[in-house]
$ cat query.txt   # compact mmCIF, C-alpha atoms and all ligand atoms
# COMPACT_ATOMS: atom_id res chain seq x y z
CA MET A 472 67.64 -24.80 45.37
CA VAL A 473 65.10 -22.27 46.60
CA THR A 474 61.73 -22.29 44.88
CA ARG A 475 60.89 -18.66 44.34
CA GLY A 476 57.14 -19.25 44.10
CA PHE A 477 56.86 -20.29 47.73
CA THR A 478 58.28 -17.09 49.15
CA GLY A 479 55.21 -15.09 48.18
CA ARG A 480 57.41 -12.62 46.32
CA ARG A 481 58.21 -12.87 42.67
CA LEU A 482 61.10 -11.55 40.67
CA GLY A 483 61.01 -7.76 40.77
CA GLY A 484 58.27 -7.86 43.39
CA GLU A 485 55.62 -8.28 40.69
CA GLN A 486 52.30 -9.70 41.72
CA PRO A 487 50.49 -10.73 38.54
CA GLU A 488 47.22 -11.40 40.38
CA ARG A 489 47.05 -7.69 41.16
CA ILE A 490 47.47 -6.57 37.54
CA PRO A 491 44.22 -6.44 35.49
CA PRO A 492 44.26 -7.76 31.90
CA GLY A 493 46.09 -5.57 29.40
CA GLN A 494 47.88 -3.61 32.13
CA HIS A 495 51.58 -3.41 33.01
CA LEU A 496 53.25 -2.35 36.22
CA VAL A 497 55.02 1.00 36.59
CA GLN A 498 57.17 2.26 39.45
CA ASN A 499 56.94 5.95 38.49
CA PHE A 500 53.72 7.96 38.73
CA PRO A 501 52.76 9.19 35.24
CA VAL A 502 50.89 12.49 34.89
CA LEU A 503 47.90 12.50 32.51
CA SER A 504 45.79 15.60 32.05
CA ALA A 505 43.47 16.59 29.21
CA GLY A 506 44.53 20.24 29.49
CA PRO A 507 46.75 22.61 31.45
CA THR A 508 47.13 22.22 35.20
CA PRO A 509 44.89 24.74 36.99
CA ARG A 510 46.32 26.74 39.89
CA VAL A 511 43.97 26.73 42.86
CA ASP A 512 45.04 28.59 46.00
CA LEU A 513 43.88 27.14 49.30
CA GLU A 514 42.34 30.54 50.20
CA ASN A 515 40.03 30.30 47.20
CA TRP A 516 39.46 26.53 47.17
CA LYS A 517 35.86 25.43 47.62
CA PHE A 518 34.10 22.10 47.47
CA THR A 519 30.36 22.04 46.67
CA LEU A 520 27.93 19.18 47.14
CA LYS A 521 24.84 19.45 44.92
CA VAL A 522 21.63 17.52 44.43
CA GLY A 523 20.78 18.18 40.81
CA PRO A 524 21.42 21.89 40.19
CA GLY A 525 20.97 22.83 43.83
CA PRO A 526 23.92 23.32 46.19
CA VAL A 527 23.43 21.47 49.49
CA LYS A 528 26.66 22.42 51.23
CA VAL A 529 29.89 24.27 50.45
CA TRP A 530 33.15 23.72 52.36
CA ASP A 531 36.18 25.99 52.27
CA TRP A 532 39.66 24.51 52.82
CA SER A 533 39.67 24.87 56.60
CA GLU A 534 36.16 23.42 56.92
CA PHE A 535 37.07 20.52 54.64
CA SER A 536 40.31 19.90 56.56
CA ALA A 537 38.28 19.64 59.77
CA LEU A 538 36.36 16.62 58.43
CA PRO A 539 37.55 13.16 59.55
CA GLN A 540 40.78 12.22 57.75
CA THR A 541 41.21 8.67 56.45
CA LYS A 542 44.22 6.86 54.99
CA MET A 543 43.88 4.51 52.03
CA THR A 544 46.55 2.44 50.28
CA ARG A 545 45.35 1.04 46.95
CA ASP A 546 46.43 -0.18 43.52
CA ILE A 547 45.51 2.14 40.64
CA HIS A 548 44.96 1.33 36.96
CA CYS A 549 45.02 3.83 34.10
CA VAL A 550 43.20 3.02 30.87
CA THR A 551 46.41 3.88 28.96
CA SER A 552 47.63 0.55 30.45
CA TRP A 553 49.81 1.42 33.43
CA SER A 554 49.08 0.11 36.89
CA LYS A 555 50.75 1.21 40.10
CA LEU A 556 50.58 -0.80 43.31
CA ASP A 557 50.17 0.36 46.89
CA THR A 558 49.64 4.06 46.28
CA ALA A 559 49.16 5.75 49.68
CA TRP A 560 46.57 8.50 50.07
CA GLU A 561 44.91 10.51 52.78
CA GLY A 562 41.74 12.54 52.64
CA VAL A 563 38.03 12.51 53.38
CA ILE A 564 35.98 9.46 52.45
CA ILE A 565 32.76 10.26 50.57
CA ASP A 566 30.67 8.80 53.44
CA ASP A 567 32.05 11.49 55.75
CA ILE A 568 31.30 14.26 53.23
CA LEU A 569 27.69 13.09 52.87
CA ALA A 570 27.33 12.68 56.65
CA ASP A 571 28.61 16.22 57.24
CA ALA A 572 26.03 17.51 54.75
CA GLY A 573 23.32 15.43 56.40
CA ILE A 574 22.24 13.60 53.24
CA GLU A 575 22.28 9.91 52.40
CA ARG A 576 21.26 8.86 48.91
CA PRO A 577 18.89 11.25 47.12
CA THR A 578 19.79 9.53 43.80
CA GLU A 579 21.99 6.58 42.76
CA TYR A 580 24.42 8.50 40.52
CA MET A 581 27.02 11.20 40.92
CA LEU A 582 29.09 13.44 38.71
CA ALA A 583 32.42 14.75 39.95
CA HIS A 584 33.36 18.25 38.77
CA SER A 585 36.80 19.83 38.59
CA TYR A 586 38.46 23.24 38.37
CA ASP A 587 39.68 22.52 34.82
CA GLY A 588 36.14 21.86 33.58
CA TYR A 589 36.64 18.09 33.69
CA SER A 590 33.86 15.84 34.92
CA THR A 591 33.31 12.13 35.37
CA ASN A 592 30.36 9.98 36.43
CA VAL A 593 30.45 7.35 39.16
CA PRO A 594 27.54 5.42 40.69
CA LEU A 595 26.95 6.34 44.33
CA ALA A 596 27.49 2.68 45.30
CA ASP A 597 31.10 2.97 44.08
CA LEU A 598 31.76 6.06 46.19
CA VAL A 599 30.37 5.07 49.59
CA LEU A 600 31.22 2.43 52.22
CA GLY A 601 34.81 3.57 52.25
CA LYS A 602 35.44 2.82 48.55
CA ALA A 603 36.40 6.35 47.52
CA MET A 604 37.71 9.63 48.93
CA VAL A 605 38.59 13.19 48.17
CA ALA A 606 42.34 12.87 48.61
CA THR A 607 44.42 15.81 49.80
CA LYS A 608 47.68 13.96 50.53
CA TYR A 609 49.83 11.50 48.63
CA GLU A 610 52.54 9.55 50.46
CA GLY A 611 52.12 11.82 53.49
CA GLN A 612 52.66 15.07 51.58
CA PRO A 613 50.16 17.64 50.25
CA LEU A 614 48.93 16.32 46.91
CA PRO A 615 51.20 17.74 44.15
CA ARG A 616 49.48 20.06 41.71
CA ASP A 617 50.13 17.90 38.64
CA HIS A 618 48.47 14.94 40.40
CA GLY A 619 45.38 17.01 41.20
CA GLY A 620 46.28 19.10 44.25
CA PRO A 621 44.89 20.60 46.38
CA ALA A 622 42.32 17.78 46.17
CA ARG A 623 41.31 14.98 43.83
CA LEU A 624 38.72 12.26 43.79
CA LEU A 625 40.17 8.78 44.32
CA VAL A 626 38.06 5.84 43.09
CA PRO A 627 40.83 3.25 42.98
CA HIS A 628 38.77 0.23 41.85
CA LEU A 629 37.78 1.94 38.58
CA TYR A 630 40.08 3.11 35.76
CA PHE A 631 41.98 6.15 36.94
CA TRP A 632 40.17 8.63 34.67
CA LYS A 633 37.32 8.34 37.23
CA SER A 634 39.63 9.85 39.84
CA ALA A 635 38.98 13.49 38.94
CA LYS A 636 41.93 15.77 39.70
CA TRP A 637 41.40 19.34 41.07
CA VAL A 638 37.93 18.25 42.16
CA ASN A 639 35.64 21.03 43.34
CA GLY A 640 32.36 19.26 43.74
CA LEU A 641 30.15 16.23 43.66
CA GLN A 642 26.66 16.34 42.20
CA PHE A 643 23.86 13.84 42.61
CA THR A 644 22.15 13.23 39.25
CA ASP A 645 18.86 11.47 38.48
CA ARG A 646 20.42 9.42 35.69
CA ASP A 647 23.92 8.14 34.95
CA GLU A 648 25.19 11.22 33.06
CA ALA A 649 28.34 10.92 30.94
CA GLY A 650 31.34 13.04 31.97
CA PHE A 651 34.29 14.38 29.95
CA TRP A 652 35.84 11.11 28.74
CA GLU A 653 32.58 9.17 28.81
CA LEU A 654 31.21 11.65 26.24
CA ARG A 655 34.34 10.99 24.14
CA GLY A 656 34.09 7.22 23.75
CA TYR A 657 35.17 5.90 27.14
CA HIS A 658 33.11 3.42 29.13
CA MET A 659 30.36 4.69 31.47
CA TYR A 660 31.60 2.49 34.35
CA GLY A 661 35.25 1.60 33.70
CA ASP A 662 35.97 -1.63 35.60
CA PRO A 663 39.66 -2.48 34.90
CA TRP A 664 39.11 -6.19 35.73
CA LYS A 665 36.46 -6.35 32.96
CA GLU A 666 38.54 -4.14 30.63
CA GLN A 667 35.70 -1.65 30.29
CA ARG A 668 37.82 0.85 28.38
CA TYR A 669 35.56 2.06 25.57
CA THR A 670 31.82 2.68 25.32
CA ASN A 671 30.85 -0.78 24.10
CA ASP A 672 33.42 -2.90 25.98
N1 LIG B 701 40.36 17.25 36.35
C1 LIG B 701 40.96 16.25 35.69
N2 LIG B 701 41.03 15.05 36.27
C2 LIG B 701 41.60 14.02 35.62
C3 LIG B 701 42.11 14.16 34.32
C4 LIG B 701 42.02 15.44 33.73
O1 LIG B 701 42.45 15.68 32.59
N3 LIG B 701 41.44 16.47 34.44
N4 LIG B 701 42.67 13.07 33.68
C5 LIG B 701 42.24 11.74 34.16
C6 LIG B 701 43.02 10.65 33.62
S1 LIG B 701 42.68 10.15 32.04
C7 LIG B 701 43.90 9.94 34.42
S2 LIG B 701 44.66 8.54 33.87
C8 LIG B 701 44.26 10.42 35.76
C9 LIG B 701 45.74 10.70 35.82
O2 LIG B 701 46.09 11.10 37.10
P1 LIG B 701 47.62 11.43 37.38
O3 LIG B 701 48.02 12.52 36.44
O4 LIG B 701 47.70 11.80 38.81
O5 LIG B 701 48.37 10.16 37.09
O6 LIG B 701 43.59 11.61 36.11
C10 LIG B 701 42.25 11.67 35.68
N5 LIG B 701 41.65 12.82 36.26
MO MO B 702 43.76 8.06 31.84

$ encode --input "query.txt" --output "structure tokens"
Amino acid sequence: MVTRGFTGRRLGGEQPERIPPGQHLVQNFPVLSAGPTPRVDLENWKFTLKVGPGPVKVWDWSEFSALPQTKMTRDIHCVTSWSKLDTAWEGVIIDDILADAGIERPTEYMLAHSYDGYSTNVPLADLVLGKAMVATKYEGQPLPRDHGGPARLLVPHLYFWKSAKWVNGLQFTDRDEAGFWELRGYHMYGDPWKEQRYTND
């Protein structure tokens, strides 16, 4: 008799130690958007880095594509309870965006902004040191529009609402300012391993 536990693979390939509490594994890639999917042509796409209200640098698509490209394969966890393992992304890590703009850490907090008016707050510490990227490819292909193409934020270690789709900018803020879902009862930080789903979790 073969003892399944010793092979390192479990029935169905599930790896319970990779699934945060209250989450279940999915094989598909659900689409969750608060509103309609915006259409952003690459010719008009822009990404703006701001410190407070002031723009520091703006990249168009070709300038952004010329930044160093990094691959990242990570597990993702949506607050609606699905988790997906080993999602494969490519894009520009936040460190490389800040380096290209020549700024380091003017404040400790950031807000991501999107073409659909969405926003979400993430501490700078959770965006740098290779933890997060602006992803432009998924599984080797241009990021599909319903998943946030042309470009989305990817902050895989926080609940997936922090990974702003159709991202068009990052803004340093003096304080930790609530974004779209954080203003509507969701947690300011959103650690899936601590089940920080709602404001007071
Ligand atoms: N701009 C924008 N980004 C967004 C959202 C949104 O409505 N607008 N929804 C968030 C939520 S709640 C989740 S779970 C993920 C879903 O990403 P997906 O549709 O690629 O699965 O996107 C996040 N990013
Ligand atoms: Mo979500």

$ closest_residue --input "query.txt" --among "A:Pro524, A:Gly562, A:Pro507, A:Pro663" --to "ligand LIG 701 (chain B)" --atoms "all atoms listed in the file"
A:Pro507

$ closest_residue --input "query.txt" --among "A:Trp553, A:Phe631, A:Tyr580, A:Tyr586" --to "ligand MO 702 (chain B)" --atoms "all atoms listed in the file"
A:Phe631

$ closest_residue --input "query.txt" --among "A:Ala537, A:Val502, A:Met604, A:Ala559" --to "ligand MO 702 (chain B)" --atoms "only C-alpha atoms and all ligand atoms"
A:Val502

$ residues_around --input "query.txt" --residues "Leu538 of chain A" --least-positions-apart "6" --cutoff "8 Å" --atoms "all atoms listed in the file" --output "ChimeraX atom specification"
/A:563,567-568,571

$ residues_near_ligand --input "query.txt" --ligand "ligand LIG 701 (chain B)" --cutoff "9 Å" --atoms "only C-alpha atoms and all ligand atoms" --output "count of residues only"
41

$ residues_around --input "query.txt" --residues "Pro594 of chain A" --least-positions-apart "6" --cutoff "8 Å" --atoms "all atoms listed in the file" --output "PDB file with C-alpha atoms, in the frame of the given file"
ATOM      1  CA  GLU A 579      21.990   6.580  42.760  1.00  0.00           C
ATOM      2  CA  TYR A 580      24.420   8.500  40.520  1.00  0.00           C
ATOM      3  CA  MET A 581      27.020  11.200  40.920  1.00  0.00           C
ATOM      4  CA  ASP A 647      23.920   8.140  34.950  1.00  0.00           C
TER       5      ASP A 647
END

$ atom_distance --input "query.txt" --atom1 "atom CA of Glu514 of chain A" --atom2 "atom CA of Gly640 of chain A"
16.4 Å

$ closest_residue --input "query.txt" --among "A:Asp557, A:Asp672, A:Asp645, A:Glu653" --to "ligand MO 702 (chain B)" --atoms "only C-alpha atoms and all ligand atoms"
A:Glu653

$ residues_around --input "query.txt" --residues "Val599 of chain A" --least-positions-apart "6" --cutoff "8 Å" --atoms "all atoms listed in the file" --output "list of chain:residue names"
A:Ile564, A:Ile565, A:Asp566

$ closest_residue --input "query.txt" --among "A:Ala583, A:Pro621, A:Asp662, A:Gly611" --to "Glu648 of chain A" --atoms "all atoms listed in the file"
A:Ala583

$ atom_distance --input "query.txt" --atom1 "atom CA of Lys602 of chain A" --atom2 "atom CA of Pro526 of chain A"
23.6 Å

$ residues_around --input "query.txt" --residues "Val529 of chain A" --least-positions-apart "3" --cutoff "9 Å" --atoms "only C-alpha atoms" --output "JSON, numbers by chain"
{"A": [517, 518, 519, 520, 521, 526, 572, 640]}

$ write_last_selection --input "query.txt" --atoms "C-alpha atoms" --output "mmCIF file, in the frame of the given file"
data_model
loop_
_atom_site.group_PDB
_atom_site.id
_atom_site.type_symbol
_atom_site.label_atom_id
_atom_site.label_comp_id
_atom_site.auth_asym_id
_atom_site.auth_seq_id
_atom_site.Cartn_x
_atom_site.Cartn_y
_atom_site.Cartn_z
ATOM 1 C CA LYS A 517 35.860 25.430 47.620
ATOM 2 C CA PHE A 518 34.100 22.100 47.470
ATOM 3 C CA THR A 519 30.360 22.040 46.670
ATOM 4 C CA LEU A 520 27.930 19.180 47.140
ATOM 5 C CA LYS A 521 24.840 19.450 44.920
ATOM 6 C CA PRO A 526 23.920 23.320 46.190
ATOM 7 C CA ALA A 572 26.030 17.510 54.750
ATOM 8 C CA GLY A 640 32.360 19.260 43.740
#

$ atom_distance --input "query.txt" --atom1 "atom CA of Gly493 of chain A" --atom2 "atom CA of Ser552 of chain A"
6.4 Å

$ decode --input "query.txt" --residues "segment 500-529 of chain A" --atoms "N, CA, C and O atoms" --output "mmCIF file, in the first residue's frame"
data_model
loop_
_atom_site.group_PDB
_atom_site.id
_atom_site.type_symbol
_atom_site.label_atom_id
_atom_site.label_comp_id
_atom_site.auth_asym_id
_atom_site.auth_seq_id
_atom_site.Cartn_x
_atom_site.Cartn_y
_atom_site.Cartn_z
ATOM 1 N N PHE A 500 -10.641 31.016 -13.148
ATOM 2 C CA PHE A 500 -10.194 32.344 -12.701
ATOM 3 C C PHE A 500 -11.416 33.261 -12.721
ATOM 4 O O PHE A 500 -11.756 33.838 -13.756
ATOM 5 N N PRO A 501 -12.111 33.362 -11.567
ATOM 6 C CA PRO A 501 -13.329 34.187 -11.524
ATOM 7 C C PRO A 501 -13.024 35.646 -11.860
ATOM 8 O O PRO A 501 -11.915 36.118 -11.630
ATOM 9 N N VAL A 502 -14.020 36.334 -12.407
ATOM 10 C CA VAL A 502 -13.912 37.768 -12.682
ATOM 11 C C VAL A 502 -14.797 38.498 -11.681
ATOM 12 O O VAL A 502 -15.981 38.177 -11.553
ATOM 13 N N LEU A 503 -14.221 39.459 -10.952
ATOM 14 C CA LEU A 503 -15.004 40.260 -10.000
ATOM 15 C C LEU A 503 -14.700 41.734 -10.222
ATOM 16 O O LEU A 503 -13.564 42.168 -10.034
ATOM 17 N N SER A 504 -15.694 42.470 -10.628
ATOM 18 C CA SER A 504 -15.538 43.908 -10.839
ATOM 19 C C SER A 504 -16.739 44.621 -10.236
ATOM 20 O O SER A 504 -17.864 44.135 -10.325
ATOM 21 N N ALA A 505 -16.476 45.801 -9.645
ATOM 22 C CA ALA A 505 -17.551 46.574 -9.025
ATOM 23 C C ALA A 505 -18.450 47.225 -10.076
ATOM 24 O O ALA A 505 -19.608 47.518 -9.827
ATOM 25 N N GLY A 506 -17.919 47.439 -11.265
ATOM 26 C CA GLY A 506 -18.684 48.102 -12.324
ATOM 27 C C GLY A 506 -18.306 47.539 -13.670
ATOM 28 O O GLY A 506 -17.681 46.478 -13.746
ATOM 29 N N PRO A 507 -18.693 48.249 -14.745
ATOM 30 C CA PRO A 507 -18.359 47.773 -16.084
ATOM 31 C C PRO A 507 -16.858 47.812 -16.361
ATOM 32 O O PRO A 507 -16.129 48.595 -15.752
ATOM 33 N N THR A 508 -16.431 46.965 -17.271
ATOM 34 C CA THR A 508 -15.016 46.877 -17.648
ATOM 35 C C THR A 508 -14.650 48.054 -18.553
ATOM 36 O O THR A 508 -15.236 48.201 -19.628
ATOM 37 N N PRO A 509 -13.710 48.905 -18.114
ATOM 38 C CA PRO A 509 -13.338 50.033 -18.980
ATOM 39 C C PRO A 509 -12.504 49.561 -20.168
ATOM 40 O O PRO A 509 -11.814 48.551 -20.089
ATOM 41 N N ARG A 510 -12.623 50.278 -21.275
ATOM 42 C CA ARG A 510 -11.794 49.977 -22.458
ATOM 43 C C ARG A 510 -10.682 51.013 -22.533
ATOM 44 O O ARG A 510 -10.946 52.204 -22.657
ATOM 45 N N VAL A 511 -9.448 50.560 -22.395
ATOM 46 C CA VAL A 511 -8.314 51.473 -22.434
ATOM 47 C C VAL A 511 -7.387 51.041 -23.563
ATOM 48 O O VAL A 511 -6.794 49.968 -23.515
ATOM 49 N N ASP A 512 -7.293 51.869 -24.609
ATOM 50 C CA ASP A 512 -6.393 51.574 -25.718
ATOM 51 C C ASP A 512 -4.952 51.829 -25.293
ATOM 52 O O ASP A 512 -4.691 52.758 -24.535
ATOM 53 N N LEU A 513 -4.038 51.027 -25.837
ATOM 54 C CA LEU A 513 -2.632 51.203 -25.482
ATOM 55 C C LEU A 513 -2.122 52.585 -25.892
ATOM 56 O O LEU A 513 -1.254 53.149 -25.234
ATOM 57 N N GLU A 514 -2.674 53.158 -26.977
ATOM 58 C CA GLU A 514 -2.228 54.483 -27.439
ATOM 59 C C GLU A 514 -2.561 55.573 -26.415
ATOM 60 O O GLU A 514 -1.902 56.611 -26.353
ATOM 61 N N ASN A 515 -3.617 55.337 -25.651
ATOM 62 C CA ASN A 515 -4.046 56.355 -24.682
ATOM 63 C C ASN A 515 -3.672 56.014 -23.244
ATOM 64 O O ASN A 515 -3.874 56.804 -22.335
ATOM 65 N N TRP A 516 -3.150 54.806 -23.035
ATOM 66 C CA TRP A 516 -2.837 54.352 -21.676
ATOM 67 C C TRP A 516 -1.725 55.196 -21.061
ATOM 68 O O TRP A 516 -0.734 55.513 -21.716
ATOM 69 N N LYS A 517 -1.913 55.592 -19.831
ATOM 70 C CA LYS A 517 -0.875 56.328 -19.102
ATOM 71 C C LYS A 517 -0.818 55.819 -17.663
ATOM 72 O O LYS A 517 -1.841 55.404 -17.104
ATOM 73 N N PHE A 518 0.363 55.885 -17.094
ATOM 74 C CA PHE A 518 0.533 55.521 -15.690
ATOM 75 C C PHE A 518 1.246 56.673 -14.989
ATOM 76 O O PHE A 518 2.314 57.110 -15.418
ATOM 77 N N THR A 519 0.615 57.189 -13.912
ATOM 78 C CA THR A 519 1.129 58.381 -13.235
ATOM 79 C C THR A 519 1.539 58.054 -11.806
ATOM 80 O O THR A 519 0.766 57.446 -11.057
ATOM 81 N N LEU A 520 2.731 58.446 -11.443
ATOM 82 C CA LEU A 520 3.192 58.331 -10.059
ATOM 83 C C LEU A 520 3.085 59.710 -9.412
ATOM 84 O O LEU A 520 3.586 60.692 -9.955
ATOM 85 N N LYS A 521 2.385 59.773 -8.266
ATOM 86 C CA LYS A 521 2.195 61.053 -7.579
ATOM 87 C C LYS A 521 2.711 60.981 -6.151
ATOM 88 O O LYS A 521 2.643 59.934 -5.514
ATOM 89 N N VAL A 522 3.187 62.122 -5.647
ATOM 90 C CA VAL A 522 3.414 62.288 -4.220
ATOM 91 C C VAL A 522 2.378 63.298 -3.767
ATOM 92 O O VAL A 522 2.409 64.458 -4.186
ATOM 93 N N GLY A 523 1.427 62.851 -2.941
ATOM 94 C CA GLY A 523 0.279 63.689 -2.641
ATOM 95 C C GLY A 523 -0.420 64.030 -3.946
ATOM 96 O O GLY A 523 -0.578 63.168 -4.816
ATOM 97 N N PRO A 524 -0.823 65.307 -4.123
ATOM 98 C CA PRO A 524 -1.519 65.665 -5.362
ATOM 99 C C PRO A 524 -0.592 65.871 -6.552
ATOM 100 O O PRO A 524 -1.060 65.994 -7.689
ATOM 101 N N GLY A 525 0.700 65.864 -6.308
ATOM 102 C CA GLY A 525 1.631 66.272 -7.369
ATOM 103 C C GLY A 525 2.193 65.122 -8.184
ATOM 104 O O GLY A 525 2.827 64.217 -7.639
ATOM 105 N N PRO A 526 1.986 65.155 -9.512
ATOM 106 C CA PRO A 526 2.582 64.130 -10.372
ATOM 107 C C PRO A 526 4.111 64.225 -10.355
ATOM 108 O O PRO A 526 4.666 65.317 -10.437
ATOM 109 N N VAL A 527 4.761 63.064 -10.214
ATOM 110 C CA VAL A 527 6.225 63.000 -10.220
ATOM 111 C C VAL A 527 6.711 62.517 -11.571
ATOM 112 O O VAL A 527 7.706 62.996 -12.106
ATOM 113 N N LYS A 528 5.995 61.541 -12.135
ATOM 114 C CA LYS A 528 6.394 61.003 -13.438
ATOM 115 C C LYS A 528 5.183 60.336 -14.098
ATOM 116 O O LYS A 528 4.337 59.759 -13.411
ATOM 117 N N VAL A 529 5.111 60.469 -15.413
ATOM 118 C CA VAL A 529 4.060 59.826 -16.201
ATOM 119 C C VAL A 529 4.728 58.975 -17.269
ATOM 120 O O VAL A 529 5.655 59.440 -17.934
#
